[in-house]
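Trainee: See upload_18.txt below, with compact mmCIF, C-alpha atoms.
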# COMPACT_ATOMS: atom_id res chain seq x y z
CA MET A 1 5.85 -13.04 21.32
CA LYS A 2 9.51 -12.99 22.32
CA ASN A 3 10.49 -12.39 25.94
CA ASP A 4 12.23 -9.09 25.23
CA LEU A 5 9.05 -7.68 23.68
CA ALA A 6 6.98 -9.00 26.60
CA GLU A 7 9.41 -7.42 29.03
CA SER A 8 9.18 -4.14 27.16
CA ILE A 9 5.37 -4.21 27.45
CA LEU A 10 5.62 -5.11 31.13
CA LYS A 11 8.00 -2.21 31.68
CA SER A 12 5.60 0.23 30.03
CA ILE A 13 2.61 -1.09 31.96
CA MET A 14 4.34 -1.14 35.36
CA SER A 15 5.75 2.33 34.80
CA ASP A 16 5.99 3.06 38.54
CA TRP A 17 8.69 0.44 38.99
CA GLN A 18 12.17 1.85 39.42
CA LEU A 19 15.00 0.25 37.45
CA ASP A 20 16.25 -1.88 40.35
CA ARG A 21 12.80 -3.22 41.12
CA LEU A 22 12.07 -3.86 37.46
CA LYS A 23 15.25 -5.95 37.22
CA ASP A 24 14.38 -7.94 40.36
CA GLU A 25 10.79 -8.55 39.33
CA LEU A 26 11.74 -9.67 35.83
CA THR A 27 14.23 -12.12 37.33
CA ASP A 28 11.50 -13.56 39.57
CA ILE A 29 9.02 -13.73 36.69
CA GLN A 30 11.45 -15.50 34.40
CA THR A 31 12.44 -17.96 37.12
CA ILE A 32 8.92 -19.03 38.04
CA SER A 33 8.02 -19.17 34.35
CA GLU A 34 10.79 -21.61 33.56
CA ILE A 35 10.29 -23.71 36.68
CA LYS A 36 6.48 -24.08 36.57
CA TYR A 37 4.12 -21.75 34.76
CA ASP A 38 5.33 -22.22 31.19
CA ASP A 39 4.25 -25.86 31.42
CA TYR A 40 0.58 -24.87 31.56
CA GLN A 41 -0.96 -26.99 28.83
CA GLN A 42 -3.46 -24.42 27.55
CA TYR A 43 -0.76 -21.99 26.47
CA THR A 44 -0.27 -21.69 22.73
CA HIS A 45 3.03 -21.58 20.89
CA GLY A 46 4.76 -18.26 21.46
CA MET A 47 2.44 -17.26 24.30
CA ARG A 48 3.74 -18.38 27.67
CA TYR A 49 3.59 -16.89 31.16
CA VAL A 50 5.76 -13.79 30.66
CA GLU A 51 3.84 -12.76 27.57
CA SER A 52 0.47 -13.58 29.14
CA LEU A 53 1.28 -11.63 32.31
CA ALA A 54 2.30 -8.52 30.40
CA LEU A 55 -0.89 -8.54 28.31
CA TRP A 56 -3.13 -9.57 31.21
CA LEU A 57 -2.12 -6.58 33.34
CA ARG A 58 -3.23 -4.14 30.62
CA GLN A 59 -6.92 -4.66 31.47
CA PHE A 60 -6.51 -2.82 34.77
CA ASP A 61 -6.80 0.94 34.32
CA LYS A 62 -4.92 2.39 37.29
CA PRO A 63 -1.28 1.80 38.32
CA GLN A 64 -2.33 0.90 41.87
CA GLU A 65 -4.74 -1.70 40.49
CA ARG A 66 -2.04 -3.29 38.36
CA GLU A 67 0.29 -3.29 41.35
CA CYS A 68 -2.34 -4.98 43.52
CA MET A 69 -3.09 -7.66 40.94
CA TYR A 70 0.57 -8.33 40.23
CA ASN A 71 1.34 -8.76 43.93
CA PHE A 72 -1.71 -10.98 44.36
CA ILE A 73 -0.45 -13.32 41.64
CA LYS A 74 3.11 -13.26 42.89
CA ASP A 75 2.23 -13.99 46.51
CA ASN A 76 -0.91 -16.13 46.36
CA LEU A 77 -1.16 -18.13 43.12
CA ILE A 78 -1.33 -21.89 43.67
CA PHE A 79 -0.02 -23.72 40.61
CA ILE A 80 -0.15 -27.52 40.66
CA SER A 81 2.43 -28.82 38.22
CA GLU A 82 2.28 -32.14 36.43
CA GLU A 83 4.99 -33.54 38.70
CA GLU A 84 3.11 -32.43 41.80
CA MET A 85 -0.07 -34.03 40.51
CA ARG A 86 1.80 -37.27 39.86
CA GLN A 87 2.99 -37.27 43.45
CA LEU A 88 -0.57 -36.89 44.70
CA ILE A 89 -1.62 -39.80 42.49
CA GLU A 90 1.22 -41.94 43.85
CA TYR A 91 0.17 -41.24 47.44
CA SER A 92 -3.55 -41.85 46.91
CA TYR A 93 -3.45 -45.64 47.16
CA PRO A 94 -1.03 -46.17 50.08
CA ILE A 95 -2.33 -43.25 52.17
CA ILE A 96 -6.09 -43.70 51.75
CA MET A 97 -7.15 -46.76 49.77
CA LYS A 98 -4.71 -49.35 51.10
CA HIS A 99 -5.20 -48.02 54.60
CA TYR A 100 -8.97 -48.50 54.30
CA ILE A 101 -8.61 -52.04 52.92
CA MET A 102 -6.25 -52.94 55.76
CA ASN A 103 -8.68 -51.60 58.35
CA ARG A 104 -11.54 -53.57 56.86
CA THR A 105 -9.37 -56.70 56.91
CA LYS A 106 -8.41 -56.07 60.52
CA GLU A 107 -12.05 -55.55 61.56
CA TYR A 108 -13.12 -58.79 59.89
CA CYS A 109 -10.26 -60.84 61.33
CA ASN A 110 -10.79 -59.51 64.85
CA ARG A 111 -14.52 -60.19 64.61
CA GLU A 112 -13.92 -63.75 63.40
CA ARG A 113 -11.00 -64.23 65.82
CA ILE A 114 -8.51 -64.94 63.05
CA PHE A 115 -4.99 -64.28 64.34
CA ASP A 116 -2.80 -66.38 62.05
CA LYS A 117 -0.64 -63.95 60.04
CA GLU A 118 -0.72 -65.95 56.82
CA LYS A 119 -4.49 -66.29 56.98
CA ARG A 120 -4.85 -62.56 57.58
CA ARG A 121 -2.68 -61.86 54.53
CA GLN A 122 -4.93 -64.07 52.43
CA ILE A 123 -8.02 -62.25 53.65
CA TYR A 124 -6.37 -58.89 52.91
CA SER A 125 -5.68 -60.06 49.33
CA LEU A 126 -9.31 -61.15 49.01
CA VAL A 127 -10.66 -57.83 50.28
CA ARG A 128 -8.36 -55.95 47.92
CA ARG A 129 -9.33 -58.07 44.91
CA LYS A 130 -13.01 -57.45 45.54
CA SER A 131 -12.39 -53.69 45.24
CA LEU A 132 -12.99 -51.81 41.99
CA PHE A 133 -11.04 -48.63 41.13
CA LEU A 134 -12.67 -46.22 38.70
CA GLY A 135 -11.76 -42.81 37.30
CA LEU A 136 -14.35 -40.04 37.34
CA SER A 137 -12.64 -37.93 34.66
CA ASP A 138 -9.48 -37.73 32.58
CA GLY A 139 -7.94 -35.86 35.51
CA ALA A 140 -7.90 -39.07 37.55
CA HIS A 141 -5.02 -40.30 35.35
CA ILE A 142 -6.04 -43.90 35.96
CA ASP A 143 -3.37 -45.17 33.55
CA PHE A 144 -0.65 -43.67 35.76
CA PHE A 145 -2.49 -44.82 38.91
CA ARG A 146 -2.52 -48.39 37.60
CA ARG A 147 1.21 -48.37 36.84
CA GLN A 148 1.99 -47.15 40.34
CA ASN A 149 0.06 -50.04 41.88
CA PRO A 150 1.07 -53.26 40.12
CA GLY A 151 -0.48 -55.32 42.91
CA LEU A 152 -3.91 -54.47 41.53
CA SER A 153 -5.37 -56.54 38.70
CA ASN A 154 -5.95 -54.80 35.38
CA GLU A 155 -9.51 -56.11 35.57
CA GLN A 156 -10.26 -54.13 38.72
CA VAL A 157 -8.99 -50.76 37.47
CA PHE A 158 -10.91 -48.93 34.78
CA VAL A 159 -10.62 -45.46 33.28
CA HIS A 160 -14.27 -44.43 33.67
CA TYR A 161 -17.06 -44.94 36.16
CA ASP A 162 -19.80 -45.04 33.52
CA PHE A 163 -18.72 -48.42 32.15
CA SER A 164 -20.66 -50.41 29.58
CA ASP A 165 -22.67 -53.56 30.26
CA ASP A 166 -20.00 -55.60 28.47
CA LYS A 167 -17.20 -54.12 30.58
CA ALA A 168 -19.16 -54.69 33.78
CA LYS A 169 -19.65 -58.36 32.85
CA GLU A 170 -16.00 -58.73 31.84
CA MET A 171 -14.71 -57.39 35.16
CA LEU A 172 -17.12 -59.52 37.17
CA ASP A 173 -16.35 -62.68 35.16
CA GLU A 174 -12.62 -62.19 35.71
CA LEU A 175 -13.19 -61.79 39.45
CA ARG A 176 -15.27 -64.95 39.66
CA GLN A 177 -12.74 -66.97 37.67
CA GLU A 178 -10.19 -66.09 40.32
CA LEU A 179 -12.30 -66.28 43.49
CA GLY A 180 -15.44 -68.30 42.75
CA GLN A 181 -18.86 -67.88 41.20
CA GLU A 182 -20.48 -66.37 44.30
CA MET A 183 -18.05 -63.49 44.50
CA GLY A 184 -18.75 -59.87 43.53
CA PHE A 185 -17.26 -56.44 43.99
CA ASP A 186 -18.24 -54.87 47.29
CA LYS A 187 -15.86 -51.88 47.52
CA PHE A 188 -15.70 -49.15 44.91
CA PHE A 189 -13.02 -46.46 44.87
CA LEU A 190 -13.99 -43.47 42.72
CA VAL A 191 -10.96 -41.33 41.86
CA ASP A 192 -10.77 -37.75 40.60
CA ASP A 193 -8.35 -34.85 40.52
CA PHE A 194 -10.16 -31.88 42.06
CA SER A 195 -13.37 -30.62 43.65
CA GLY A 196 -13.98 -27.02 44.64
CA SER A 197 -17.69 -27.05 45.50
CA GLY A 198 -18.82 -30.68 45.24
CA TYR A 199 -21.80 -29.87 43.01
CA SER A 200 -20.61 -32.03 40.13
CA TYR A 201 -20.51 -35.05 42.42
CA ILE A 202 -23.83 -34.82 44.23
CA ARG A 203 -26.66 -32.29 44.20
CA LYS A 204 -30.44 -32.18 44.26
CA ASP A 205 -32.89 -29.84 42.60
CA THR A 206 -36.57 -29.86 41.71
CA GLU A 207 -35.92 -32.54 39.08
CA GLY A 208 -34.20 -34.90 41.50
CA TRP A 209 -30.64 -36.02 42.15
CA HIS A 210 -27.68 -35.31 39.87
CA GLY A 211 -23.92 -35.74 39.85
CA LYS A 212 -21.27 -38.38 39.39
CA ILE A 213 -22.00 -40.27 42.61
CA HIS A 214 -25.70 -40.55 41.76
CA LYS A 215 -24.86 -41.56 38.19
CA PHE A 216 -22.39 -44.19 39.37
CA TYR A 217 -24.78 -45.77 41.86
CA LYS A 218 -27.50 -45.81 39.22
CA ARG A 219 -25.08 -47.50 36.81
CA LEU A 220 -24.25 -50.23 39.35
CA CYS A 221 -27.94 -51.04 39.58
CA GLU A 222 -28.37 -51.00 35.80
CA VAL A 223 -25.56 -53.50 35.14
CA GLY A 224 -26.86 -55.84 37.82
CA TYR A 225 -24.09 -55.49 40.38
CA HIS A 226 -25.00 -56.35 43.96
CA VAL A 227 -25.40 -53.01 45.79
CA LYS A 228 -26.72 -54.00 49.21
CA GLY A 229 -24.03 -53.43 51.84
CA ILE A 230 -21.38 -52.08 49.45
CA ASP A 231 -18.76 -49.47 50.32
CA ILE A 232 -18.13 -46.45 48.07
CA HIS A 233 -15.08 -44.27 48.53
CA LEU A 234 -14.56 -40.99 46.70
CA VAL A 235 -10.85 -40.15 46.68
CA LEU A 236 -9.77 -36.73 45.40
CA TYR A 237 -6.22 -35.66 44.75
CA LEU A 238 -7.15 -32.03 45.54
CA SER A 239 -10.19 -30.53 47.23
CA THR A 240 -11.43 -27.62 49.29
CA ALA A 241 -12.70 -28.21 52.81
CA LYS A 242 -15.95 -26.56 51.70
CA SER A 243 -16.45 -29.25 49.06
CA LEU A 244 -15.75 -32.14 51.43
CA GLU A 245 -18.15 -30.79 54.02
CA TYR A 246 -20.89 -30.26 51.44
CA MET A 247 -20.51 -33.70 49.84
CA ARG A 248 -20.35 -35.59 53.12
CA LYS A 249 -23.60 -34.00 54.16
CA LYS A 250 -25.34 -34.56 50.82
CA VAL A 251 -24.35 -38.23 50.41
CA MET A 252 -25.81 -39.02 53.82
CA GLU A 253 -29.10 -37.67 52.53
CA TYR A 254 -28.79 -39.49 49.21
CA PHE A 255 -27.95 -42.89 50.72
CA ALA A 256 -30.28 -42.55 53.73
CA ASP A 257 -32.66 -45.21 52.37
CA LYS A 258 -29.93 -47.39 50.84
CA GLU A 259 -27.68 -49.92 52.59
CA VAL A 260 -24.50 -48.26 51.37
CA SER A 261 -21.48 -46.96 53.27
CA ILE A 262 -19.66 -43.99 51.72
CA THR A 263 -16.53 -42.04 52.61
CA ILE A 264 -15.02 -38.99 50.94
CA ASP A 265 -11.36 -38.04 51.31
CA ALA A 266 -8.75 -35.81 49.71
CA ILE A 267 -4.97 -36.11 49.59
CA GLN A 268 -4.38 -32.36 49.62
CA LEU A 269 -6.63 -29.50 50.73
CA VAL A 270 -6.64 -26.21 48.82
CA ASN A 271 -7.64 -23.14 50.79
CA PRO A 272 -9.64 -20.27 49.31
CA TYR A 273 -8.22 -16.79 49.41
CA ASP A 274 -9.54 -14.85 52.41
CA MET A 275 -11.17 -11.85 50.77
CA ASP A 276 -11.51 -10.11 54.14
CA GLN A 277 -7.73 -9.79 54.20
CA ASN A 278 -7.73 -7.68 51.05
CA VAL A 279 -10.87 -5.62 50.52
CA ASN A 280 -9.02 -3.65 47.87
CA LEU A 281 -8.56 -6.81 45.78
CA LYS A 282 -12.25 -7.62 46.04
CA ARG A 283 -13.14 -4.10 44.95
CA ILE A 284 -10.86 -4.35 41.91
CA LEU A 285 -12.30 -7.73 40.92
CA ALA A 286 -15.87 -6.45 41.25
CA GLU A 287 -15.17 -3.26 39.29
CA ASN A 288 -13.32 -5.13 36.58
CA TYR A 289 -16.17 -7.63 36.23
CA ASN A 290 -18.77 -4.86 35.97
CA LYS A 291 -16.62 -2.96 33.47
CA MET A 292 -16.29 -5.99 31.21
CA LYS A 293 -19.95 -6.90 31.56
CA ALA A 294 -20.89 -3.38 30.45
CA THR A 295 -19.10 -3.92 27.15
CA GLY A 296 -21.80 -6.37 26.12
CA LYS A 297 -19.31 -9.21 25.71
CA LYS A 298 -20.51 -12.70 26.58
CA SER A 299 -20.11 -13.45 30.27
CA PHE A 300 -18.92 -16.72 31.78
CA VAL A 301 -22.12 -16.73 33.85
CA ASP A 302 -24.36 -19.22 32.05
CA LYS A 303 -26.81 -21.92 33.15
CA HIS A 304 -23.93 -24.19 34.13
CA PHE A 305 -22.21 -21.51 36.19
CA GLU A 306 -25.45 -20.58 37.92
CA ILE A 307 -25.79 -24.08 39.36
CA GLY A 308 -23.12 -22.98 41.84
CA ARG A 309 -25.60 -20.50 43.37
CA GLY A 310 -22.86 -17.94 43.87
CA LYS A 311 -23.71 -14.34 44.69
CA GLU A 312 -20.48 -12.75 43.46
CA PRO A 313 -19.51 -14.25 40.08
CA TYR A 314 -16.08 -12.58 40.04
CA LEU A 315 -15.14 -14.95 42.89
CA GLY A 316 -15.60 -18.01 40.68
CA PHE A 317 -18.08 -20.87 40.59
CA SER A 318 -20.01 -21.05 43.88
CA ASP A 319 -18.00 -18.05 45.17
CA CYS A 320 -15.08 -20.40 45.86
CA SER A 321 -12.42 -17.64 45.70
CA LEU A 322 -9.58 -19.91 44.61
CA PRO A 323 -6.26 -18.63 43.25
CA LEU A 324 -5.72 -22.12 41.80
CA VAL A 325 -4.30 -23.26 38.48
CA ILE A 326 -3.79 -26.94 37.61
CA TYR A 327 -1.22 -27.66 34.92
CA HIS A 328 -3.74 -29.05 32.39
CA ASN A 329 -6.53 -26.51 32.97
CA THR A 330 -7.83 -23.86 35.34
CA PRO A 331 -10.93 -24.76 37.40
CA ASN A 332 -13.91 -22.45 37.07
CA ASN A 333 -13.87 -22.23 40.88
CA SER A 334 -10.79 -20.04 40.46
CA PHE A 335 -11.11 -16.29 40.09
CA PRO A 336 -12.49 -15.77 36.56
CA VAL A 337 -10.13 -12.85 36.06
CA LEU A 338 -7.39 -15.48 35.76
CA TRP A 339 -8.99 -17.54 33.00
CA TYR A 340 -11.77 -15.72 31.11
CA SER A 341 -11.20 -13.69 27.93
CA TRP A 342 -14.58 -11.95 27.46
CA GLU A 343 -14.67 -12.93 23.78
CA ASP A 344 -10.96 -12.13 23.44
CA GLU A 345 -11.44 -8.62 24.81
CA VAL A 346 -8.72 -9.34 27.38
CA ASN A 347 -5.83 -11.76 27.49
CA PRO A 348 -6.38 -14.35 30.25
CA LEU A 349 -3.40 -15.16 32.40
CA PHE A 350 -4.18 -18.90 32.30
CA PRO A 351 -6.79 -19.54 29.57
CA ARG A 352 -9.33 -22.18 30.45
CA VAL A 353 -10.86 -24.81 28.20
CA THR A 354 -14.52 -25.07 29.14
CA ARG A 355 -16.33 -28.40 28.95
CA HIS A 356 -19.86 -27.88 30.21
CA LYS A 357 -20.32 -31.47 31.28
CA GLU A 358 -17.16 -31.25 33.40
CA SER A 359 -17.34 -27.64 34.50
CA LEU A 360 -19.24 -28.05 37.77
CA VAL A 361 -16.25 -28.62 39.99
In structure tokens, how does this file's structure come out?

Mentor:
Amino acid sequence: MKNDLAESILKSIMSDWQLDRLKDELTDIQTISEIKYDDYQQYTHGMRYVESLALWLRQFDKPQERECMYNFIKDNLIFISEEEMRQLIEYSYPIIMKHYIMNRTKEYCNRERIFDKEKRRQIYSLVRRKSLFLGLSDGAHIDFFRRQNPGLSNEQVFVHYDFSDDKAKEMLDELRQELGQEMGFDKFFLVDDFSGSGYSYIRKDTEGWHGKIHKFYKRLCEVGYHVKGIDIHLVLYLSTAKSLEYMRKKVMEYFADKEVSITIDAIQLVNPYDMDQNVNLKRILAENYNKMKATGKKSFVDKHFEIGRGKEPYLGFSDCSLPLVIYHNTPNNSFPVLWYSWEDEVNPLFPRVTRHKESLV
């Protein structure tokens, strides 16, 4: 759809706008489209932000509802571009991982009363080499992470945490060729792009423990890595405070009977939208959800979504209430009105690709 047609639809939908305001709003829409939103990777050819916005607003019946939703998007949408994500990846090692390795080196040297600078540098290099860096999903962009940190060996950085027996042996053999046959990895940095609730990383139900942290620890045991006294560090490029608090509590329970130290950190926090500030918005979201559900179209609420234990599905997975879009996909923690099509009944503003095994963010 060409921009002039999209603008014509937008003009007809936002019929209350006077000419001057229409001109100003279209200028703003075009500007933010070109700078950021058009780079959203789930857009199809000929359907970018301007077109999507015009069609998306049609689902709201009343002019005041369309006005509310438009202003909400204009004033509150958080869009993480590819360049912004790359910056977060660049900062992850020097701000969190390197800092942790340096502190561990300092603690060891002070305990052993080692004050010679050259000796301390050697110990730092040893501590760093005995660390393994693993991606938890494609969003970790481990290939880019590796290129930003050339001081790390290729054999201590791997794209996925669920590595094969052969890969586990290969990484360990390479380490022992460099440092000696008694050496092993004792620090594991798990890297991922975003967590909104923490449920995909660690959770417990009647069937036991689940999540990436549980799966990773289980994999370490399966491949024969030494796990007594190891350190595990989950490093997220983006996270909510709610997720960090939940995970930090749950991992203490999970590792209570294991000699494992674990930390969880994020480079950038993302805040949920405060629904108490806009009760009108919440009402519109609830009414729109109920209207679409009444059509009989398939809802986004399935067995995977229900794991979040949310009470108000129109607020997103686990009621996270996030106005968040990441350039490659929209998390299901974000308001579903942004990303769900109801079997193509409505045009989503930022269509989401759903992968059930990765959807519990």

Trainee: Determine, counting all atoms listed in the file, which protein, DNA and RNA residues have an atom within 12 Å of an atom of Asp319 (chain A); residues of the same chain fewer than 2 positions away are not included. Present the result as a PyMOL selection string.

Mentor: chain A and resi 196-197+242-243+272-275+282+305-317+321-323+332-336+361

Trainee: In Å to one decimal, how far is CA of Leu236 (chain A) from CA of Ala266 (chain A)?

Mentor: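 Computed distance, CA of Ala266 (chain A) to CA of Leu236 (chain A), equals 4.5 Å.
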
Trainee: In Å to one decimal, how far is CA of Asp39 (chain A) from CA of Ile284 (chain A)?

Mentor: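 So the answer is 28.3 Å.
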
Trainee: Between CA of Val235 (chain A) and CA of Ser153 (chain A), what is the spacing in Å?

Mentor: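 Between CA of Ser153 (chain A) and CA of Val235 (chain A) the gap works out to 19.0 Å.
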
Trainee: Nearest to Lys36 (chain A): which of A:Phe300, A:Tyr340, A:Phe72, A:Tyr49 is it, counting all atoms listed in the file?

Mentor: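 Among the listed residues, the smallest separation from Lys36 (chain A) belongs to A:Tyr49.
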
Trainee: So, counting all atoms listed in the file, which residue among A:Glu51, A:Glu207, A:Asp231, A:Glu222 is closest to Lys258 (chain A)?

Mentor: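 Among A:Glu51, A:Glu207, A:Asp231, A:Glu222, it is A:Asp231 that comes nearest to Lys258 (chain A).
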
Trainee: Can you pull out every residue within 12 Å of Gly184 (chain A), counting all atoms listed in the file, but drop anything in the same chain fewer than 2 positions away, and send it as an NGL selection string?

Mentor: :A and (126-132 or 156 or 168-169 or 171-182 or 186-188 or 220 or 224-230)
